[in-house]
file final.cif (mmCIF, C-alpha atoms)
data_coords
#
loop_
_atom_site.label_atom_id
_atom_site.label_comp_id
_atom_site.auth_asym_id
_atom_site.auth_seq_id
_atom_site.Cartn_x
_atom_site.Cartn_y
_atom_site.Cartn_z
CA MET A 16 0.00 0.00 0.00
CA LYS A 17 2.85 2.28 -0.87
CA HIS A 18 1.77 5.90 -1.32
CA LEU A 19 -1.81 5.24 -0.16
CA GLU A 20 -1.88 8.31 2.06
CA GLN A 21 -0.57 10.59 -0.69
CA ASN A 22 -2.95 9.24 -3.34
CA PHE A 23 -5.88 9.38 -0.95
CA LYS A 24 -5.22 13.07 -0.29
CA LEU A 25 -4.96 13.76 -4.03
CA ALA A 26 -8.19 11.89 -4.72
CA LYS A 27 -9.92 13.84 -1.94
CA LYS A 28 -9.01 16.99 -3.87
CA GLN A 29 -10.63 15.35 -6.94
CA GLU A 30 -7.27 15.06 -8.69
CA ARG A 31 -7.32 12.39 -11.41
CA LYS A 32 -3.77 11.23 -10.69
CA GLY A 33 -4.73 10.21 -7.15
CA GLN A 34 -7.97 8.61 -8.30
CA LYS A 35 -6.16 6.60 -10.97
CA ALA A 36 -3.54 5.44 -8.47
CA LEU A 37 -6.21 4.31 -5.99
CA TYR A 38 -8.06 2.50 -8.74
CA GLU A 39 -4.89 0.69 -9.77
CA MET A 40 -4.11 -0.22 -6.15
CA PHE A 41 -7.52 -1.67 -5.34
CA SER A 42 -9.35 -2.62 -8.54
CA ALA A 43 -8.14 -6.23 -8.77
CA LYS A 44 -9.01 -7.07 -5.16
CA MET A 45 -12.36 -5.27 -5.32
CA LEU A 46 -13.19 -7.04 -8.60
CA ALA A 47 -12.67 -10.36 -6.82
CA VAL A 48 -14.98 -9.20 -4.01
CA ALA A 49 -17.68 -8.11 -6.48
CA ASN A 50 -17.32 -11.35 -8.44
CA SER A 51 -17.78 -13.42 -5.28
CA TYR A 52 -21.27 -11.89 -5.03
CA THR A 53 -22.33 -11.56 -8.67
CA ASN A 54 -20.71 -14.78 -9.90
CA ASN A 55 -20.28 -13.19 -13.33
CA ILE A 56 -17.11 -11.31 -14.23
CA HIS A 57 -18.92 -8.88 -16.54
CA ASP A 58 -21.47 -8.00 -13.87
CA ALA A 59 -18.64 -7.71 -11.34
CA GLU A 60 -16.85 -5.26 -13.65
CA ASP A 61 -20.02 -3.15 -13.88
CA VAL A 62 -20.40 -3.18 -10.10
CA LEU A 63 -16.72 -2.27 -9.71
CA MET A 64 -16.94 0.70 -12.05
CA ASN A 65 -20.06 2.03 -10.34
CA ALA A 66 -18.50 1.49 -6.91
CA PHE A 67 -15.38 3.46 -7.85
CA LEU A 68 -17.50 6.21 -9.34
CA LYS A 69 -19.47 6.40 -6.08
CA CYS A 70 -16.23 6.20 -4.11
CA PHE A 71 -14.68 9.18 -5.88
CA GLN A 72 -17.89 11.20 -5.66
CA LYS A 73 -18.18 10.59 -1.91
CA ILE A 74 -14.52 10.31 -0.93
CA GLY A 75 -15.00 13.31 1.35
CA ASP A 76 -17.08 11.03 3.59
CA CYS A 77 -14.02 8.86 4.25
CA ARG A 78 -12.18 10.65 7.02
CA ASP A 79 -8.87 8.83 7.15
CA TRP A 80 -6.63 7.28 4.52
CA LYS A 81 -6.04 4.27 6.81
CA SER A 82 -9.73 3.35 6.69
CA PHE A 83 -10.03 3.87 2.92
CA PRO A 84 -9.59 0.17 1.95
CA PHE A 85 -12.35 -0.87 4.37
CA TRP A 86 -14.61 1.99 3.29
CA LEU A 87 -14.14 1.10 -0.39
CA ARG A 88 -14.79 -2.59 0.30
CA LYS A 89 -18.06 -1.68 2.04
CA ILE A 90 -19.16 0.26 -1.04
CA VAL A 91 -18.27 -2.67 -3.32
CA VAL A 92 -20.09 -5.19 -1.11
CA ASN A 93 -23.20 -3.03 -0.79
CA ASP A 94 -23.26 -2.30 -4.53
CA SER A 95 -22.78 -6.00 -5.29
CA ILE A 96 -25.67 -6.96 -3.06
CA SER A 97 -27.87 -4.26 -4.58
CA PHE A 98 -26.97 -5.45 -8.06
CA VAL A 99 -27.76 -9.08 -7.23
CA ARG A 100 -31.05 -8.20 -5.55
CA LYS A 101 -32.08 -6.06 -8.52
CA ASN A 102 -31.04 -8.45 -11.28
CA LYS A 103 -31.45 -11.94 -9.89
CA ASN A 104 -34.38 -13.84 -8.52
CA ILE A 105 -33.27 -15.05 -5.12
CA MET A 106 -35.25 -17.72 -3.37
CA TYR A 107 -34.64 -18.49 0.27
CA ALA A 108 -35.86 -21.86 1.46
CA ASP A 109 -36.99 -22.31 5.05
CA LEU A 110 -36.25 -26.01 5.49
CA GLU A 111 -34.48 -27.26 8.58
CA VAL A 112 -31.03 -28.65 7.81
CA ALA A 113 -28.57 -30.12 10.29
CA GLU A 114 -25.17 -28.49 10.67
CA ASP A 115 -22.67 -30.38 8.52
CA VAL A 116 -19.12 -29.14 8.37
CA LEU A 117 -16.05 -30.36 6.56
CA GLU A 118 -14.77 -32.70 9.26
CA ASP A 119 -14.05 -35.86 7.31
CA GLN A 120 -12.37 -34.35 4.28
CA ASP A 121 -8.82 -35.45 3.51
CA ASN A 122 -6.23 -32.72 3.97
CA HIS A 123 -4.66 -33.33 0.55
CA PHE A 124 -8.04 -32.76 -1.10
CA LEU A 125 -8.62 -29.54 0.85
CA ASN A 126 -5.47 -28.10 -0.74
CA GLU A 127 -7.08 -28.54 -4.18
CA ILE A 128 -10.26 -26.59 -3.38
CA ASN A 129 -11.14 -23.90 -5.92
CA ILE A 130 -13.23 -21.26 -4.13
CA GLU A 131 -14.31 -19.61 -7.38
CA GLU A 132 -15.56 -22.94 -8.71
CA ILE A 133 -17.53 -23.57 -5.52
CA PHE A 134 -19.11 -20.10 -5.58
CA SER A 135 -19.97 -20.44 -9.26
CA GLN A 136 -22.02 -23.54 -8.46
CA MET A 137 -23.50 -22.42 -5.12
CA PRO A 138 -27.11 -21.16 -5.16
CA ILE A 139 -27.15 -17.38 -5.00
CA GLY A 140 -29.12 -17.11 -1.75
CA TYR A 141 -26.61 -19.32 0.02
CA ARG A 142 -23.69 -17.44 -1.53
CA LEU A 143 -24.91 -14.00 -0.43
CA ILE A 144 -25.41 -15.02 3.17
CA PHE A 145 -22.22 -17.09 3.31
CA ASN A 146 -20.17 -14.17 1.95
CA LEU A 147 -21.71 -11.67 4.35
CA TYR A 148 -21.29 -13.93 7.36
CA VAL A 149 -17.86 -15.40 6.64
CA PHE A 150 -16.02 -12.77 4.62
CA GLU A 151 -17.72 -9.57 5.78
CA ASP A 152 -18.09 -10.75 9.41
CA LYS A 153 -21.74 -9.67 9.60
CA LYS A 154 -24.06 -10.97 12.30
CA HIS A 155 -27.36 -12.62 11.37
CA GLN A 156 -29.33 -9.58 12.49
CA GLU A 157 -27.28 -7.35 10.15
CA ILE A 158 -27.62 -9.81 7.27
CA ALA A 159 -31.37 -9.94 7.81
CA GLU A 160 -31.57 -6.14 7.60
CA ILE A 161 -29.33 -5.93 4.51
CA LEU A 162 -31.23 -8.62 2.59
CA ASN A 163 -34.69 -7.83 4.01
CA ILE A 164 -35.19 -11.36 5.36
CA SER A 165 -35.77 -12.74 8.83
CA GLU A 166 -32.88 -13.52 11.15
CA GLY A 167 -34.03 -17.14 11.20
CA THR A 168 -33.85 -17.32 7.41
CA SER A 169 -30.30 -15.97 7.56
CA LYS A 170 -29.29 -18.65 10.06
CA SER A 171 -31.03 -21.35 8.07
CA GLN A 172 -29.42 -20.27 4.79
CA LEU A 173 -25.95 -20.21 6.38
CA SER A 174 -26.52 -23.71 7.69
CA LYS A 175 -27.66 -24.85 4.25
CA ALA A 176 -24.70 -23.12 2.61
CA LYS A 177 -22.30 -25.02 4.88
CA LYS A 178 -24.09 -28.28 4.15
CA TRP A 179 -24.12 -27.51 0.43
CA ILE A 180 -20.34 -26.89 0.46
CA ALA A 181 -19.74 -30.10 2.42
CA ASP A 182 -21.91 -32.09 0.00
CA TYR A 183 -20.28 -30.46 -3.01
CA LEU A 184 -16.80 -31.29 -1.74
CA LYS A 185 -17.80 -34.86 -0.88
CA THR A 186 -19.20 -35.31 -4.38
CA LYS A 187 -16.04 -33.82 -5.86
CA GLU A 188 -13.82 -36.06 -3.72
CA ASN A 189 -15.87 -39.16 -4.58
CA GLY A 190 -15.63 -38.29 -8.27
CA LYS A 191 -11.87 -37.91 -7.95
CA LYS A 192 -11.55 -41.26 -6.11
CA ASN A 193 -13.65 -42.96 -8.82
CA THR A 194 -11.43 -41.49 -11.54
CA GLU A 195 -8.30 -42.70 -9.74
CA THR A 196 -9.82 -46.18 -9.33
CA ILE A 197 -10.62 -46.37 -13.02
CA LYS A 198 -7.04 -45.35 -13.93
CA ASN A 199 -5.55 -48.06 -11.67
#
call {"tool": "encode", "arguments": {"input": "final.cif", "output": "C-alpha cells"}}
result
Amino acid sequence: MKHLEQNFKLAKKQERKGQKALYEMFSAKMLAVANSYTNNIHDAEDVLMNAFLKCFQKIGDCRDWKSFPFWLRKIVVNDSISFVRKNKNIMYADLEVAEDVLEDQDNHFLNEINIEEIFSQMPIGYRLIFNLYVFEDKKHQEIAEILNISEGTSKSQLSKAKKWIADYLKTKENGKKNTETIKN
C-alpha cells in the first residue's frame, strides 16, 4: 500500500492522478470481491466501475486514509448486493437442515479446493449469506436487515450453505476417487 496516504489526499481533492492510483491499487481485489457476489465477471466489472464512481464522488465522507480500503470494500459489497437483488431472482428456502461441516475431508483434497468454482455452483441465496457472514463478518441480524429477510432465514441459509459446500466437496472427492480407481 505504498503511497496510499498521498494518493488518498490527491483523490480527496478530486485530482485524477490520485484517483487513478487508488483504482490501480484496489481494482483487482475489489473485482474479486464483487465477483464473489455476482458470480459473473462482466457484472462484477459493472459493479466495480459504479463502486469506484461512487467512491470518488463521496470520498470526502471517508475521514482517514487508513480506513479507505475498508470503506471502499463496504461500497463494493453493498453495490454487489444491490446489483444481485435487482437483477437476480433469489429464493430463500426455510427447510431445517442439520449443521454439517467439513470434518471428514482429507487434507490433501482440501489443498485442491477452488473457491471460485464452488461459488460459481453455489445457489445465489446461500452465496450472499455465506459471503456476508464469513467474509464480511456480519451478524445474522445485520444480514437480515441488509437482505430484508428474517434472522431465522439468515441462520437457516448459512446452515444450508455449509451443508451444500460439504456435500459439493464430498461429491467432488468421490468423483476424484472414482477417476483414480478407473485409472488403476
call {"tool": "resolve_selection", "arguments": {"input": "final.cif", "expression": "the PyMOL selection byres ((chain A and resi 143-158) around 7)", "output": "list in words"}}
result
Tyr52, Ile139, Gly140, Tyr141, Arg142, Ala159, Glu160, Ile161, Leu162, Glu166, Ser169, Lys170, Gln172, Leu173 and Ala176 of chain A
call {"tool": "resolve_selection", "arguments": {"input": "final.cif", "expression": "the PyMOL selection byres ((chain A and resi 90) around 10)", "output": "list of chain:residue names"}}
result
A:Met45, A:Val62, A:Leu63, A:Asn65, A:Ala66, A:Phe67, A:Lys69, A:Cys70, A:Phe85, A:Trp86, A:Leu87, A:Arg88, A:Lys89, A:Val91, A:Val92, A:Asn93, A:Asp94, A:Ser95, A:Ile96
call {"tool": "closest_residue", "arguments": {"input": "final.cif", "among": "A:Met64, A:Ala26, A:Leu184, A:Ile128", "to": "A:Ala43", "atoms": "only C-alpha atoms"}}
result
A:Met64
call {"tool": "atom_distance", "arguments": {"input": "final.cif", "atom1": "atom CA of A:Asn129", "atom2": "atom CA of A:Tyr38"}}
result
26.7 Å
call {"tool": "resolve_selection", "arguments": {"input": "final.cif", "expression": "the PyMOL selection byres ((chain A and resi 75-82) around 9)", "output": "list in words"}}
result
Leu19, Glu20, Gln21, Asn22, Phe23, Lys24, Lys27, Lys28, Phe71, Gln72, Lys73, Ile74, Phe83, Pro84, Phe85, Trp86 and Leu87 of chain A
call {"tool": "atom_distance", "arguments": {"input": "final.cif", "atom1": "atom CA of A:Val99", "atom2": "atom CA of A:Lys187"}}
result
27.4 Å
call {"tool": "atom_distance", "arguments": {"input": "final.cif", "atom1": "atom CA of A:Ser51", "atom2": "atom CA of A:Glu188"}}
result
23.0 Å
call {"tool": "residues_around", "arguments": {"input": "final.cif", "residues": "A:Ile130", "least_positions_apart": "3", "cutoff": "12 Å", "atoms": "all atoms listed in the file", "output": "VMD selection string"}}
result
chain A and resid 47 50 to 51 54 125 to 127 133 to 137 142 146 180 183 to 184
call {"tool": "closest_residue", "arguments": {"input": "final.cif", "among": "A:Glu131, A:Pro138, A:Ser97, A:Leu68", "to": "A:Lys35", "atoms": "only C-alpha atoms"}}
result
A:Leu68
